[in-house]
Each structure stands twice: as C-alpha cells, then as structure tokens.
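The next block is input_29.txt, given as compact mmCIF, C-alpha atoms.
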```txt
# COMPACT_ATOMS: atom_id res chain seq x y z
CA MET A 1 26.29 -8.04 31.74
CA VAL A 2 25.96 -6.90 28.12
CA MET A 3 28.38 -4.11 27.25
CA PRO A 4 27.03 -1.13 25.26
CA PHE A 5 29.01 -2.17 22.14
CA GLU A 6 27.84 -5.78 22.29
CA ARG A 7 24.84 -7.01 20.37
CA LEU A 8 22.77 -10.14 20.53
CA CYS A 9 22.31 -12.42 17.54
CA GLY A 10 19.03 -11.76 15.76
CA ALA A 11 18.62 -15.48 15.09
CA CYS A 12 19.66 -17.29 18.28
CA GLY A 13 20.14 -14.56 20.92
CA ALA A 14 23.82 -15.29 21.60
CA LYS A 15 26.27 -12.42 22.17
CA VAL A 16 27.89 -11.36 18.89
CA GLY A 17 29.57 -8.08 19.82
CA ALA A 18 30.72 -6.23 16.72
CA GLU A 19 31.12 -9.40 14.64
CA ARG A 20 29.16 -9.76 11.42
CA PHE A 21 28.50 -13.51 11.86
CA CYS A 22 27.28 -15.23 15.01
CA GLU A 23 29.82 -17.74 16.35
CA LYS A 24 27.04 -19.93 17.74
CA CYS A 25 24.71 -20.25 14.74
CA GLY A 26 26.60 -18.53 11.90
CA ALA A 27 23.78 -16.06 11.11
CA ASP A 28 24.75 -12.97 9.13
CA GLN A 29 23.84 -10.08 11.45
CA GLN A 30 23.96 -7.50 8.66
CA ALA A 31 21.45 -9.47 6.58
CA LEU A 32 19.19 -9.98 9.61
CA ALA A 33 19.28 -6.26 10.39
CA PHE A 34 18.50 -5.41 6.74
CA GLU A 35 15.48 -7.74 6.69
CA ALA A 36 14.23 -6.34 10.00
CA ASP A 37 14.58 -2.76 8.69
CA LYS A 38 12.83 -3.71 5.46
CA ALA A 39 9.94 -5.31 7.36
CA ARG A 40 9.65 -2.28 9.62
CA LEU A 41 9.50 0.03 6.59
CA LEU A 42 6.91 -2.10 4.83
CA TYR A 43 4.51 -2.29 7.75
CA SER A 44 4.65 1.28 8.99
CA GLY A 45 4.40 4.81 7.76
CA PRO A 46 3.35 5.94 4.31
CA LEU A 47 3.39 2.49 2.69
CA ARG A 48 0.95 1.18 5.28
CA SER A 49 -1.25 4.22 4.64
CA ALA A 50 -1.03 3.58 0.91
CA ARG A 51 -2.09 -0.05 1.30
CA GLY A 52 -4.93 1.12 3.51
CA SER A 53 -5.95 3.67 0.92
CA LEU A 54 -6.26 0.86 -1.63
CA VAL A 55 -8.73 -0.86 0.70
CA TRP A 56 -10.61 2.37 1.37
CA THR A 57 -10.77 3.25 -2.32
CA GLY A 58 -12.11 -0.19 -3.21
CA SER A 59 -14.63 -0.10 -0.37
CA LEU A 60 -15.91 3.34 -1.31
CA VAL A 61 -16.23 2.37 -4.97
CA ALA A 62 -18.24 -0.72 -3.99
CA LEU A 63 -20.49 1.28 -1.67
CA GLY A 64 -20.98 3.92 -4.35
CA ALA A 65 -21.95 1.25 -6.88
CA LEU A 66 -24.41 -0.32 -4.46
CA PHE A 67 -25.88 3.08 -3.60
CA THR A 68 -26.26 4.01 -7.28
CA PHE A 69 -27.90 0.66 -8.02
CA ALA A 70 -30.33 1.04 -5.11
CA LYS A 71 -31.11 4.65 -6.02
CA SER A 72 -31.94 3.59 -9.60
CA HIS A 73 -34.37 0.93 -8.28
CA GLY A 74 -32.37 -1.85 -9.94
CA VAL A 75 -31.97 -0.23 -13.36
CA ALA A 76 -28.25 0.69 -13.19
CA VAL A 77 -26.97 -2.89 -13.50
CA VAL A 78 -24.00 -1.85 -15.66
CA SER A 79 -22.96 0.73 -13.06
CA LEU A 80 -23.16 -1.93 -10.35
CA VAL A 81 -21.10 -4.46 -12.30
CA VAL A 82 -18.43 -1.88 -13.23
CA GLY A 83 -18.26 -0.54 -9.68
CA LEU A 84 -17.92 -3.97 -8.12
CA GLY A 85 -15.32 -4.89 -10.75
CA VAL A 86 -13.26 -1.81 -9.87
CA ALA A 87 -13.62 -2.64 -6.17
CA ALA A 88 -12.34 -6.16 -6.88
CA LEU A 89 -9.43 -4.64 -8.81
CA TYR A 90 -8.50 -2.56 -5.76
CA ALA A 91 -8.73 -5.67 -3.58
CA GLY A 92 -6.27 -7.35 -5.95
CA LEU A 93 -3.97 -4.33 -5.75
CA TRP A 94 -4.10 -4.53 -1.97
CA VAL A 95 -3.00 -8.16 -2.08
CA TRP A 96 -0.23 -7.29 -4.54
CA SER A 97 0.88 -4.36 -2.35
CA LYS A 98 2.07 -6.80 0.29
CA ARG A 99 4.85 -7.86 -2.11
CA GLN A 100 5.25 -4.83 -4.37
CA PRO A 101 3.86 -1.73 -2.64
CA LEU A 102 5.37 0.68 -5.17
CA GLY A 103 3.86 -1.03 -8.19
CA ALA A 104 0.49 -1.58 -6.54
CA THR A 105 0.13 1.95 -5.20
CA ALA A 106 1.32 3.43 -8.51
CA ALA A 107 -1.25 1.33 -10.37
CA GLY A 108 -3.92 2.28 -7.81
CA LEU A 109 -3.06 5.95 -8.23
CA GLY A 110 -3.22 5.66 -12.01
CA ILE A 111 -6.58 3.88 -11.88
CA PHE A 112 -7.95 6.39 -9.38
CA VAL A 113 -6.94 9.41 -11.48
CA THR A 114 -8.20 7.77 -14.68
CA LEU A 115 -11.57 7.01 -13.12
CA GLN A 116 -11.92 10.54 -11.74
CA VAL A 117 -11.05 12.13 -15.10
CA GLY A 118 -13.36 9.72 -16.92
CA SER A 119 -16.22 10.43 -14.53
CA ALA A 120 -15.67 14.19 -14.87
CA ILE A 121 -15.78 13.94 -18.67
CA ILE A 122 -18.95 11.84 -18.67
CA GLU A 123 -20.70 13.69 -15.83
CA PRO A 124 -18.86 16.86 -14.67
CA ALA A 125 -20.96 17.13 -11.49
CA THR A 126 -19.33 13.95 -10.13
CA LEU A 127 -15.99 15.74 -9.81
CA LEU A 128 -17.18 17.66 -6.74
CA GLN A 129 -19.06 14.77 -5.14
CA GLY A 130 -17.05 13.57 -2.14
CA VAL A 131 -14.17 15.90 -2.99
CA LEU A 132 -12.63 15.72 0.51
CA VAL A 133 -12.55 11.92 0.44
CA LYS A 134 -11.10 11.98 -3.08
CA ILE A 135 -8.37 14.40 -2.00
CA ALA A 136 -7.53 12.31 1.07
CA LEU A 137 -7.26 9.12 -0.99
CA LEU A 138 -5.18 10.91 -3.62
CA VAL A 139 -2.77 12.21 -0.97
CA LEU A 140 -2.40 8.74 0.60
CA LEU A 141 -1.71 7.13 -2.77
CA ILE A 142 0.83 9.80 -3.72
CA ARG A 143 2.59 9.39 -0.35
CA GLY A 144 2.71 5.63 -0.90
CA VAL A 145 4.23 6.00 -4.36
CA HIS A 146 6.75 8.51 -3.03
CA ALA A 147 7.76 6.19 -0.17
CA GLY A 148 8.16 3.30 -2.62
CA VAL A 149 10.41 5.42 -4.83
CA LEU A 150 12.56 6.34 -1.82
CA LEU A 151 12.85 2.69 -0.80
CA ARG A 152 13.91 1.75 -4.33
CA GLY A 153 16.51 4.51 -4.18
CA HIS A 154 17.99 2.90 -1.06
CA GLY A 155 18.53 -0.43 -2.76
CA LEU A 156 15.34 -2.23 -1.74
CA HIS A 157 14.67 -3.48 -5.28
CA GLY A 158 12.35 -6.27 -4.13
CA ILE A 159 9.90 -3.63 -3.02
```

Translate this structure into structure tokens?
Amino acid sequence: MVMPFERLCGACGAKVGAERFCEKCGADQQALAFEADKARLLYSGPLRSARGSLVWTGSLVALGALFTFAKSHGVAVVSLVVGLGVAALYAGLWVWSKRQPLGATAAGLGIFVTLQVGSAIIEPATLLQGVLVKIALLVLLIRGVHAGVLLRGHGLHGI
C-alpha cells in the first residue's frame, strides 16, 4: 500500500517517499518533476494556441496569396511569391516555436503587425478585410508572448 506522503520514482517507478533521489536508480525527483512540469506547460494552454496561430497565420497567408493570384488570372506573380514566402516564414517560426516559443511567437507577432500596417499603408481597404480572423490571430499571438514571458519569469530560461 502506498501511503499518501509516498511518491513513486518518475524514472523507474520505485517508492521514493519524500526523498529527493531514488534509492533504486538514483534519479533526481526534483529535476524529473521540473521537466514534466515544463513539458506540460509547453504542450498546453496559451503556448499551444500561439504555436497553432503561427500555423493558421501561415496557412491563411498562403491561401490569400493563391486566391489573389487566381483572381488576377496569373498576373499577380509577385504577390504570389511574397505570400508563399511569408507562409514559409511562418512555417519556420512554427518549427522554431517547439524549442523557443517565446522568441517564435514574438517574431510572429512582430511580422503579423508589420504586414498589417504595411498592407494598410499600401491599400487601406485591406485593413478591414477579414478583421475578425486578424483579431483572433492577434489575440492568440499576444497570449503566447505573454505566456512565454511568464515562463521566463519563473526560471524557464530555455523557453
């Protein structure tokens, strides 16, 4: 019977009680718990939403570029190339976000805002096109950056 104050080793499953190191395998229970908490934080909540928003942003940019190209009957080649390039950039940020979610979501947020401001300067009517989707993506990216800042504040410097 396992007593309420006893724990099992995160590495081998042996009883460790309140001890920091497992007597059977020598695993540091505090380090194992920290890594488990870090993994849980990285793959749930706002950071997961932020990584997802990087994928959504890239996908929507690619679809927009394809739609613009098709609507122009093949004339808007530059728009297609730029749009697909930005989509590829967001795909790269998504890959990077698996290791550094704060940096990737902050970069994604910066790119997103820059593109929206640039589009509004060049063609002001684009600012209102898809405004609900733009707001949703902006909120997800801001939440991801905020969560990354909080994690950094708690000593998770590798994030």

From the set A:Arg143, A:Leu63, A:Leu150, A:Thr57, which residue has the shortest atom-to-atom contact distance to Ala106 of chain A, counting only C-alpha atoms?
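Ranking A:Arg143, A:Leu63, A:Leu150, A:Thr57 by distance to Ala106 of chain A, first place goes to A:Arg143.
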
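The closest residue to Ser97 of chain A, picked from A:Ala31, A:Leu54, A:Val149, A:Val133 and counting all atoms listed in the file, is A:Leu54.
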
Rounded to one decimal in Å, what is the spacing between atom CA of Tyr90 of chain A and atom CA of Val55 of chain A?
6.7 Å

Give, as lines of an AutoDock Vina configuration file, the centre coordinates and the x, y and z edge lengths in Å to one decimal for an axis-aligned box around all listed atoms of segment 53-72 of chain A, padded by 8 Å on each side.
```
center_x = -18.9
center_y = 1.9
center_z = -4.1
size_x = 42.0
size_y = 21.5
size_z = 27.0
```

Show me the residues close to (23.5, -6.5, 12.3) - anything with an atom within 9 Å, counting only C-alpha atoms - and format the list as a ChimeraX atom specification.
/A:7,9-10,18-21,28-34

Using all atoms listed in the file, which residue out of A:Ser79, A:Glu23, A:Gln116, A:Ala70 lies closest to Gln129 of chain A?
A:Gln116

A straight line from atom CA of Val81 of chain A to atom CA of Arg48 of chain A spans 28.8 Å
